[in-house]
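Engineer: Below: one structure in structure tokens.
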Amino acid sequence: MATMERRFNEKICATCEYWENERELHFQNNQLYAVLHAVKQGKCQARNNALMTGFVSAEHCPGYKRWHKLP
């Protein structure tokens with residue numbers, strides 16, 4: 001999987017509960033550091049399965065819900 005790393009506290013598509021694509025948590029020094037996510041597009045359940053990229057800002061997305069695996 002070609003991946004991109006973004007801080008876990010960023011409000012982007014890859015940190016949203018509704019973003020469907022490959023992603024995983026990245027730990028550094030035994031602490032959550034970032035979310036690794038697929039570079040390719042994923043589907044957003046909150047937007048009728050619209051294709052989105054994982055690094056799109058979700059600051060103003062009314063459907064954004066923080067991914068349940070994040071603190």
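To be explicit about the labels: the chains of the structure tokens are called A, B, and onward in the order shown, and within each one the residues are counted from 1, while ligands get numbers from 1 in the order they are shown.
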Identify all residues of segment 6-37 of chain A in strand (DSSP E) (DSSP on the backbone) and supply them as a ChimeraX atom specification.

Structural biologist: /A:6-7,19-20,23-28,31-37

Engineer: Fewer than 3 positions away in the same chain doesn't count, so skip those; otherwise give me all residues within 8 Å of Lys40 of chain A, counting only C-alpha atoms, as a list of chain:residue names.

Structural biologist: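 Near Lys40 of chain A, the qualifying residues are A:Ala2, A:Thr53, A:Gly54.
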
Engineer: Write a file of the just-selected residues containing N, CA and C atoms, as a PDB file, in the first residue's frame.

Structural biologist:
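Final output, result-v1.pdb:
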ATOM      1  N   ALA A   2       0.703   2.109  -0.978  1.00  0.00           N
ATOM      2  CA  ALA A   2       1.378   3.400  -0.969  1.00  0.00           C
ATOM      3  C   ALA A   2       0.678   4.251   0.075  1.00  0.00           C
ATOM      4  N   THR A  53     -10.032  11.847  -1.101  1.00  0.00           N
ATOM      5  CA  THR A  53      -8.667  11.463  -0.767  1.00  0.00           C
ATOM      6  C   THR A  53      -8.510  11.612   0.735  1.00  0.00           C
ATOM      7  N   GLY A  54      -7.609  10.858   1.312  1.00  0.00           N
ATOM      8  CA  GLY A  54      -7.465  10.814   2.759  1.00  0.00           C
ATOM      9  C   GLY A  54      -6.938  12.066   3.399  1.00  0.00           C
TER      10      GLY A  54
END

Engineer: Just the residues within 12 Å of Glu22 of chain A, please, counting only C-alpha atoms, with nothing from its chain fewer than 5 positions along; format it as a PyMOL selection string.

Structural biologist: chain A and resi 1-4+13-15+35-43+53-54

Engineer: With C-alpha atoms retained, write the just-selected residues as a JSON list (two decimals), in the first residue's frame.

Structural biologist:
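Output file part-v5.json is given in full below:
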[["chain", "number", "residue", "atom", "x", "y", "z"],
["A", 1, "MET", "CA", 0.00, 0.00, 0.00],
["A", 2, "ALA", "CA", 1.38, 3.40, -0.97],
["A", 3, "THR", "CA", 0.82, 5.49, 2.14],
["A", 4, "MET", "CA", 0.86, 9.01, 3.45],
["A", 13, "CYS", "CA", -10.88, 12.42, 5.74],
["A", 14, "ALA", "CA", -8.45, 9.70, 6.84],
["A", 15, "THR", "CA", -9.20, 10.38, 10.53],
["A", 35, "VAL", "CA", -2.39, 7.82, 10.87],
["A", 36, "LEU", "CA", -0.94, 6.08, 7.83],
["A", 37, "HIS", "CA", -3.46, 5.99, 5.03],
["A", 38, "ALA", "CA", -3.68, 4.90, 1.44],
["A", 39, "VAL", "CA", -2.79, 7.56, -1.11],
["A", 40, "LYS", "CA", -5.49, 6.36, -3.47],
["A", 41, "GLN", "CA", -9.05, 7.58, -3.08],
["A", 42, "GLY", "CA", -11.51, 6.10, -0.62],
["A", 43, "LYS", "CA", -15.26, 6.30, -0.36],
["A", 53, "THR", "CA", -8.67, 11.46, -0.77],
["A", 54, "GLY", "CA", -7.47, 10.81, 2.76]]

Engineer: Can you work out which one of A:Val56, A:Trp67, A:Glu10, A:Ala50 has the shortest atom-to-atom distance to Arg23 of chain A, counting only C-alpha atoms?

Structural biologist: A:Trp67

Engineer: When distances are computed from only C-alpha atoms, which of A:Asn49, A:Ser57, A:Gly63, A:Pro71 shows the smallest separation from Glu17 of chain A?

Structural biologist: A:Gly63

Engineer: When DSSP works through the backbone of this structure, what residues of chain A end up as helix (DSSP H, G or I), shown as a count of residues only?

Structural biologist: 6

Engineer: How many Å separate atom CA of Cys16 of chain A from atom CA of Pro62 of chain A?

Structural biologist: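 Rounded to one decimal, the two atoms are 11.4 Å apart.
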